[in-house]
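One file, query_27.cif, carrying mmCIF, C-alpha atoms:
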data_final
#
loop_
_atom_site.label_atom_id
_atom_site.label_comp_id
_atom_site.auth_asym_id
_atom_site.auth_seq_id
_atom_site.Cartn_x
_atom_site.Cartn_y
_atom_site.Cartn_z
CA MET C 1 13.64 17.48 10.66
CA SER C 2 12.41 20.89 11.80
CA ALA C 3 9.35 21.28 14.02
CA SER C 4 7.45 23.04 11.23
CA ALA C 5 8.25 20.28 8.72
CA PHE C 6 7.13 17.63 11.22
CA ALA C 7 3.89 19.50 11.84
CA SER C 8 3.26 19.72 8.09
CA MET C 9 3.77 15.95 7.72
CA VAL C 10 1.30 15.22 10.51
CA ALA C 11 -1.23 17.69 9.14
CA ALA C 12 -1.01 16.10 5.70
CA ALA C 13 -1.78 12.69 7.19
CA ARG C 14 -4.94 13.78 9.01
CA LEU C 15 -8.45 13.54 7.71
CA THR C 16 -10.14 16.92 7.46
CA PRO C 17 -13.04 16.78 9.95
CA GLY C 18 -16.50 17.86 8.88
CA ARG C 19 -18.77 20.13 10.88
CA VAL C 20 -21.08 17.98 13.02
CA THR C 21 -24.27 19.66 14.25
CA THR C 22 -26.79 16.83 14.68
CA ARG C 23 -26.83 13.19 15.69
CA LYS C 24 -27.66 12.21 12.10
CA SER C 25 -24.87 14.28 10.60
CA GLY C 26 -22.53 12.94 13.27
CA THR C 27 -23.37 9.41 12.18
CA ARG C 28 -22.75 10.31 8.55
CA ALA C 29 -19.41 11.87 9.48
CA ARG C 30 -18.30 8.74 11.32
CA GLN C 31 -19.38 6.59 8.39
CA SER C 32 -17.43 8.84 6.04
CA VAL C 33 -14.32 8.60 8.18
CA ARG C 34 -14.58 4.80 8.23
CA ALA C 35 -15.15 4.69 4.47
CA ASN C 36 -12.11 6.88 3.81
CA ALA C 37 -9.84 5.36 6.45
CA THR C 38 -8.24 2.93 3.99
CA LYS C 39 -7.36 5.86 1.72
CA VAL C 40 -5.27 7.59 4.38
CA SER C 41 -1.56 7.12 3.77
CA PRO C 42 0.39 8.86 6.53
CA PRO C 43 4.13 9.49 6.12
CA PHE C 44 4.88 7.18 9.01
CA ARG C 45 3.13 4.51 11.06
CA VAL C 46 3.95 2.97 14.47
CA GLY C 47 3.04 -0.56 15.54
CA HIS C 48 3.49 -2.68 18.66
CA GLY C 49 3.72 -6.45 18.85
CA PHE C 50 3.68 -8.90 21.75
CA ASP C 51 3.97 -12.67 21.88
CA LEU C 52 4.42 -15.30 24.58
CA HIS C 53 4.87 -19.07 24.40
CA ARG C 54 4.89 -21.74 27.05
CA LEU C 55 8.12 -23.67 27.56
CA GLU C 56 8.19 -27.39 28.31
CA LEU C 57 11.04 -29.78 29.10
CA ARG C 58 12.53 -31.42 26.05
CA THR C 59 13.07 -34.62 28.02
CA GLU C 60 9.27 -34.93 28.06
CA PHE C 61 8.66 -33.38 24.62
CA PRO C 62 11.79 -34.11 22.53
CA ASP C 63 10.38 -32.51 19.36
CA LEU C 64 10.18 -29.05 20.92
CA ARG C 65 12.83 -26.44 20.07
CA LEU C 66 13.71 -22.93 21.17
CA ILE C 67 14.06 -20.61 18.18
CA LEU C 68 14.57 -16.85 18.25
CA GLY C 69 14.87 -14.79 15.10
CA GLY C 70 15.27 -17.97 13.08
CA VAL C 71 18.23 -19.06 15.25
CA GLU C 72 17.94 -22.28 17.26
CA LEU C 73 19.26 -21.99 20.83
CA GLU C 74 20.44 -24.84 23.01
CA HIS C 75 18.13 -25.13 26.00
CA ASP C 76 16.55 -27.83 28.16
CA ARG C 77 13.12 -26.49 27.23
CA GLY C 78 11.33 -25.78 23.96
CA CYS C 79 8.36 -23.68 22.84
CA VAL C 80 4.89 -25.15 22.66
CA ALA C 81 3.37 -23.74 19.47
CA HIS C 82 1.51 -24.58 16.27
CA SER C 83 4.38 -23.29 14.12
CA ASP C 84 8.02 -23.15 15.21
CA GLY C 85 7.18 -20.96 18.24
CA ASP C 86 9.60 -18.13 17.35
CA VAL C 87 8.30 -15.42 19.72
CA LEU C 88 10.60 -12.77 18.26
CA LEU C 89 9.44 -13.21 14.67
CA HIS C 90 5.80 -13.58 15.68
CA CYS C 91 6.13 -10.34 17.60
CA VAL C 92 7.75 -8.57 14.65
CA VAL C 93 4.91 -9.68 12.37
CA ASP C 94 2.30 -8.32 14.79
CA ALA C 95 4.14 -5.00 15.04
CA ILE C 96 4.27 -4.56 11.25
CA THR C 97 0.68 -5.60 10.61
CA GLY C 98 -0.43 -3.52 13.59
CA ALA C 99 1.24 -0.44 12.13
CA LEU C 100 -0.63 -1.09 8.88
CA GLY C 101 -3.94 -1.51 10.72
CA LEU C 102 -4.20 -5.14 9.60
CA PRO C 103 -5.28 -8.26 11.55
CA ASP C 104 -2.86 -9.92 13.95
CA ILE C 105 -0.79 -13.01 13.24
CA GLY C 106 -3.41 -15.31 14.75
CA GLN C 107 -5.96 -14.15 12.18
CA LEU C 108 -3.60 -14.07 9.21
CA PHE C 109 -2.10 -17.49 10.02
CA PRO C 110 -4.66 -19.28 12.26
CA ASP C 111 -3.37 -22.10 14.45
CA ASN C 112 -6.31 -24.30 13.44
CA ASP C 113 -5.11 -24.34 9.84
CA PRO C 114 -2.94 -27.44 9.24
CA LYS C 115 -1.08 -25.53 6.51
CA TRP C 116 0.85 -23.64 9.20
CA LYS C 117 1.62 -26.64 11.41
CA GLY C 118 5.36 -26.61 12.10
CA CYS C 119 5.88 -23.75 9.64
CA THR C 120 9.06 -21.69 10.01
CA SER C 121 8.24 -18.13 11.03
CA ASP C 122 10.30 -16.49 8.28
CA VAL C 123 7.29 -17.28 6.05
CA PHE C 124 5.13 -15.03 8.26
CA VAL C 125 7.73 -12.26 8.21
CA ALA C 126 7.96 -12.42 4.42
CA GLU C 127 4.19 -12.01 4.14
CA ALA C 128 4.16 -9.09 6.60
CA CYS C 129 6.91 -7.38 4.59
CA ARG C 130 5.04 -8.02 1.35
CA LEU C 131 1.93 -6.34 2.79
CA MET C 132 4.07 -3.48 4.11
CA ARG C 133 5.65 -2.80 0.71
CA LEU C 134 2.32 -3.22 -1.02
CA GLU C 135 1.16 -0.20 1.00
CA GLY C 136 4.33 1.69 0.05
CA TYR C 137 6.23 1.50 3.36
CA GLU C 138 9.67 0.41 4.53
CA ILE C 139 11.10 -0.17 8.00
CA GLY C 140 12.14 3.13 9.61
CA ASN C 141 13.42 1.40 12.71
CA ILE C 142 12.44 -1.57 14.86
CA ASP C 143 13.15 -2.27 18.53
CA CYS C 144 12.67 -5.75 20.04
CA THR C 145 12.87 -6.85 23.69
CA ILE C 146 13.05 -10.58 24.41
CA ILE C 147 12.05 -11.62 27.96
CA ALA C 148 13.51 -14.91 29.13
CA GLU C 149 15.01 -16.15 32.39
CA ARG C 150 17.10 -18.75 30.56
CA PRO C 151 19.08 -19.30 28.42
CA LYS C 152 21.29 -16.22 28.21
CA ILE C 153 20.37 -14.39 25.02
CA SER C 154 23.33 -11.98 24.83
CA PRO C 155 25.79 -14.42 23.18
CA HIS C 156 23.25 -15.04 20.41
CA LYS C 157 22.13 -11.46 19.80
CA PRO C 158 24.53 -10.63 16.92
CA LEU C 159 23.39 -13.65 14.90
CA ILE C 160 19.72 -13.08 15.75
CA LYS C 161 19.98 -9.43 14.72
CA ALA C 162 21.78 -10.23 11.46
CA ASN C 163 19.17 -12.84 10.61
CA LEU C 164 16.32 -10.44 11.37
CA CYS C 165 17.87 -7.73 9.20
CA LYS C 166 18.14 -10.19 6.31
CA MET C 167 14.46 -11.17 6.63
CA LEU C 168 13.31 -7.55 6.85
CA GLY C 169 15.64 -6.38 4.08
CA CYS C 170 17.01 -3.48 6.10
CA ASP C 171 20.31 -2.22 7.51
CA GLU C 172 21.48 -3.28 10.97
CA SER C 173 21.54 0.38 12.04
CA VAL C 174 17.72 0.46 12.17
CA VAL C 175 17.28 -2.86 14.01
CA ASN C 176 17.70 -3.35 17.76
CA VAL C 177 17.42 -6.60 19.70
CA LYS C 178 17.51 -6.48 23.51
CA ALA C 179 17.03 -9.16 26.16
CA LYS C 180 15.90 -9.07 29.78
CA THR C 181 15.14 -11.57 32.52
CA HIS C 182 11.90 -11.37 34.53
CA GLU C 183 13.65 -11.41 37.90
CA LYS C 184 12.26 -14.88 38.73
CA VAL C 185 8.70 -13.50 38.71
CA ASP C 186 5.74 -15.54 37.34
CA SER C 187 6.02 -18.03 34.46
CA LEU C 188 8.62 -15.96 32.60
CA GLY C 189 10.87 -15.73 35.65
CA GLU C 190 10.41 -19.41 36.41
CA ASN C 191 11.59 -20.46 32.92
CA ARG C 192 8.13 -21.77 32.05
CA SER C 193 7.54 -19.28 29.23
CA ILE C 194 9.30 -16.82 26.93
CA ALA C 195 7.98 -13.52 25.56
CA CYS C 196 8.86 -10.58 23.35
CA HIS C 197 7.76 -6.98 22.79
CA THR C 198 8.44 -5.13 19.52
CA VAL C 199 7.87 -1.55 18.42
CA VAL C 200 8.27 -0.60 14.76
CA MET C 201 8.12 2.63 12.80
CA LEU C 202 7.24 2.38 9.11
CA ILE C 203 8.24 5.15 6.72
CA LYS C 204 6.37 5.99 3.53
CA VAL C 205 8.62 5.67 0.46
#

Represent the supplied structure as structure tokens.
Amino acid sequence: MSASAFASMVAAARLTPGRVTTRKSGTRARQSVRANATKVSPPFRVGHGFDLHRLELRTEFPDLRLILGGVELEHDRGCVAHSDGDVLLHCVVDAITGALGLPDIGQLFPDNDPKWKGCTSDVFVAEACRLMRLEGYEIGNIDCTIIAERPKISPHKPLIKANLCKMLGCDESVVNVKAKTHEKVDSLGENRSIACHTVVMLIKV
């Protein structure tokens, strides 16, 4: 895309500002912007998601599991969570809804609602994708970084990525899943928690 074409896309997505000369007119302008905000449909949107869950020993809590991208990993610890504790999918949901300017996963699927107790996180992803397509967007690309001291994520990345692509309904070329340790620092580095960051770009279709 040329620089001029990119500039035209951005310009088309912006609200045209009014001339503000007084406090009263400034208030009206802000109210107008808020009223029209839902009508803005930019050609692309960017969202960021973050999630973290505590890990506990499965010898003490045998029902706990460690699930990433819908894939269960063998580990001596499991995630403490209201649903299945899939930090990757929770993070992906927050990135998509964040890009759309919608509430986060905790508001959409509150942990005090028994309906979501033990729910698999693909349900949350499906709803995020439904909202995304309702607004006329598709995944442009998505980049996820899992942070965990143990277990090693690399051997599982191909399956996790393939599963995530299937849930999102997009090609593997626009999905990236990375993994890092936390260099033995704080709860993440001490294998007492697991976290994930996700950045997504949505493209208007």

Within 12 Å of C:Glu127 using only C-alpha atoms, minus same-chain residues under 3 positions, as a ChimeraX atom specification | /C:89-90,92-94,96-97,105,108-109,121-124,130-134,167-168

What does the PyMOL selection byres ((chain C and resi 137) around 7) select in this file, as a JSON list (two decimals) with C-alpha atoms, keeping the file's coordinate frame?
[["chain", "number", "residue", "atom", "x", "y", "z"],
["C", 132, "MET", "CA", 4.07, -3.48, 4.11],
["C", 133, "ARG", "CA", 5.65, -2.80, 0.71],
["C", 135, "GLU", "CA", 1.16, -0.20, 1.00],
["C", 136, "GLY", "CA", 4.33, 1.69, 0.05],
["C", 138, "GLU", "CA", 9.67, 0.41, 4.53],
["C", 139, "ILE", "CA", 11.10, -0.17, 8.00],
["C", 202, "LEU", "CA", 7.24, 2.38, 9.11],
["C", 203, "ILE", "CA", 8.24, 5.15, 6.72],
["C", 204, "LYS", "CA", 6.37, 5.99, 3.53],
["C", 205, "VAL", "CA", 8.62, 5.67, 0.46]]

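By all atoms listed in the file, and with residues fewer than 4 positions from C:Ala99 along its chain excluded, the set lying at most 10 Å from it is Phe44, Arg45, Val46, Gly47, His48, Gly49, Val93, Asp94, Ala95, Met132, Val199, Val200, Met201 and Leu202 of chain C.
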
Name the residues captured by the PyMOL selection byres ((chain C and resi 153) around 10) when it is applied to the shown file; answer as number ranges by chain.
-> C: 68, 73, 146-152, 154-158, 160, 177-181

Across C:Ile142, C:Leu52, C:Val80, C:Ile194, the smallest distance to C:Arg65, with only C-alpha atoms counted, is shown by C:Val80

Between atom CA of C:Gly69 and atom CA of C:Leu164 - distance in Å to one decimal = 5.9 Å

The PyMOL selection byres ((chain C and resi 62) around 12) applied to the shown file, residues as a list in words | Glu56, Leu57, Arg58, Thr59, Glu60, Phe61, Asp63, Leu64, Arg65, Leu66, His75, Asp76, Arg77, Gly78, Cys79 and Val80 of chain C

Rounded to one decimal in Å, what is the spacing between atom CA of C:Cys119 and atom CA of C:Glu172?
-> 25.8 Å

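Proximity of C:Asp143, C:Asp111, C:Glu183, C:Asp86 to C:Lys161, computed with all atoms listed in the file, is greatest for C:Asp143.
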
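Atom CA of C:Asp104 to atom CA of C:Cys170 spans 22.3 Å [interatomic distance, one decimal].
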
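Among the candidate residues C:Asp186, C:Gly101, C:Ser83, C:Leu55, the one lying nearest to C:Ala128 is C:Gly101, with distances computed using all atoms listed in the file.
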
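Candidate residues C:Thr120, C:Gln107, C:Asn163, C:Ser193 were compared for distance to C:Val175, and the nearest is C:Asn163, using only C-alpha atoms.
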
Completion step: stretch 45-65 of chain C with N, CA, C and O atoms as a short mmCIF file (atom, residue, chain, number, x, y, z; two decimals), keeping the file's coordinate frame:
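Here's the written file out_38.cif:
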data_model
loop_
_atom_site.label_atom_id
_atom_site.label_comp_id
_atom_site.auth_asym_id
_atom_site.auth_seq_id
_atom_site.Cartn_x
_atom_site.Cartn_y
_atom_site.Cartn_z
N ARG C 45 4.06 5.29 10.25
CA ARG C 45 3.13 4.51 11.06
C ARG C 45 3.91 3.81 12.16
O ARG C 45 5.06 3.41 11.95
N VAL C 46 3.30 3.64 13.34
CA VAL C 46 3.95 2.97 14.47
C VAL C 46 3.10 1.77 14.88
O VAL C 46 1.87 1.86 14.96
N GLY C 47 3.75 0.64 15.12
CA GLY C 47 3.04 -0.56 15.54
C GLY C 47 3.74 -1.24 16.71
O GLY C 47 4.96 -1.12 16.87
N HIS C 48 2.95 -1.94 17.52
CA HIS C 48 3.49 -2.68 18.66
C HIS C 48 3.09 -4.14 18.54
O HIS C 48 1.97 -4.46 18.14
N GLY C 49 4.02 -5.03 18.87
CA GLY C 49 3.72 -6.45 18.85
C GLY C 49 4.11 -7.10 20.16
O GLY C 49 5.06 -6.67 20.83
N PHE C 50 3.37 -8.14 20.54
CA PHE C 50 3.68 -8.90 21.75
C PHE C 50 3.38 -10.37 21.47
O PHE C 50 2.39 -10.70 20.81
N ASP C 51 4.25 -11.24 21.98
CA ASP C 51 3.97 -12.67 21.88
C ASP C 51 4.57 -13.38 23.08
O ASP C 51 5.57 -12.92 23.67
N LEU C 52 3.95 -14.49 23.45
CA LEU C 52 4.42 -15.30 24.58
C LEU C 52 4.12 -16.76 24.26
O LEU C 52 3.06 -17.08 23.73
N HIS C 53 5.08 -17.63 24.58
CA HIS C 53 4.87 -19.07 24.40
C HIS C 53 5.29 -19.82 25.66
O HIS C 53 6.25 -19.44 26.34
N ARG C 54 4.56 -20.87 25.92
CA ARG C 54 4.89 -21.74 27.05
C ARG C 54 6.12 -22.57 26.72
O ARG C 54 6.32 -22.97 25.56
N LEU C 55 6.95 -22.82 27.72
CA LEU C 55 8.12 -23.67 27.56
C LEU C 55 7.90 -24.98 28.31
O LEU C 55 7.41 -24.98 29.43
N GLU C 56 8.29 -26.09 27.67
CA GLU C 56 8.19 -27.39 28.31
C GLU C 56 9.53 -28.12 28.18
O GLU C 56 10.30 -27.86 27.25
N LEU C 57 9.78 -29.03 29.11
CA LEU C 57 11.04 -29.78 29.10
C LEU C 57 11.15 -30.66 27.86
O LEU C 57 10.21 -31.37 27.50
N ARG C 58 12.31 -30.62 27.26
CA ARG C 58 12.53 -31.42 26.05
C ARG C 58 12.71 -32.89 26.37
O ARG C 58 12.59 -33.74 25.49
N THR C 59 13.00 -33.20 27.64
CA THR C 59 13.07 -34.62 28.02
C THR C 59 11.69 -35.26 27.94
O THR C 59 11.56 -36.46 27.71
N GLU C 60 10.65 -34.44 28.14
CA GLU C 60 9.27 -34.93 28.06
C GLU C 60 8.69 -34.74 26.66
O GLU C 60 7.84 -35.52 26.23
N PHE C 61 9.15 -33.68 25.97
CA PHE C 61 8.66 -33.38 24.62
C PHE C 61 9.87 -33.14 23.72
O PHE C 61 10.26 -32.01 23.44
N PRO C 62 10.52 -34.21 23.28
CA PRO C 62 11.79 -34.11 22.53
C PRO C 62 11.70 -33.36 21.20
O PRO C 62 12.73 -32.92 20.68
N ASP C 63 10.51 -33.20 20.65
CA ASP C 63 10.38 -32.51 19.36
C ASP C 63 10.37 -30.99 19.50
O ASP C 63 10.49 -30.28 18.49
N LEU C 64 10.24 -30.50 20.72
CA LEU C 64 10.18 -29.05 20.92
C LEU C 64 11.56 -28.43 20.76
O LEU C 64 12.58 -29.03 21.09
N ARG C 65 11.57 -27.18 20.24
CA ARG C 65 12.83 -26.44 20.07
C ARG C 65 12.64 -25.01 20.56
O ARG C 65 11.51 -24.53 20.68
#
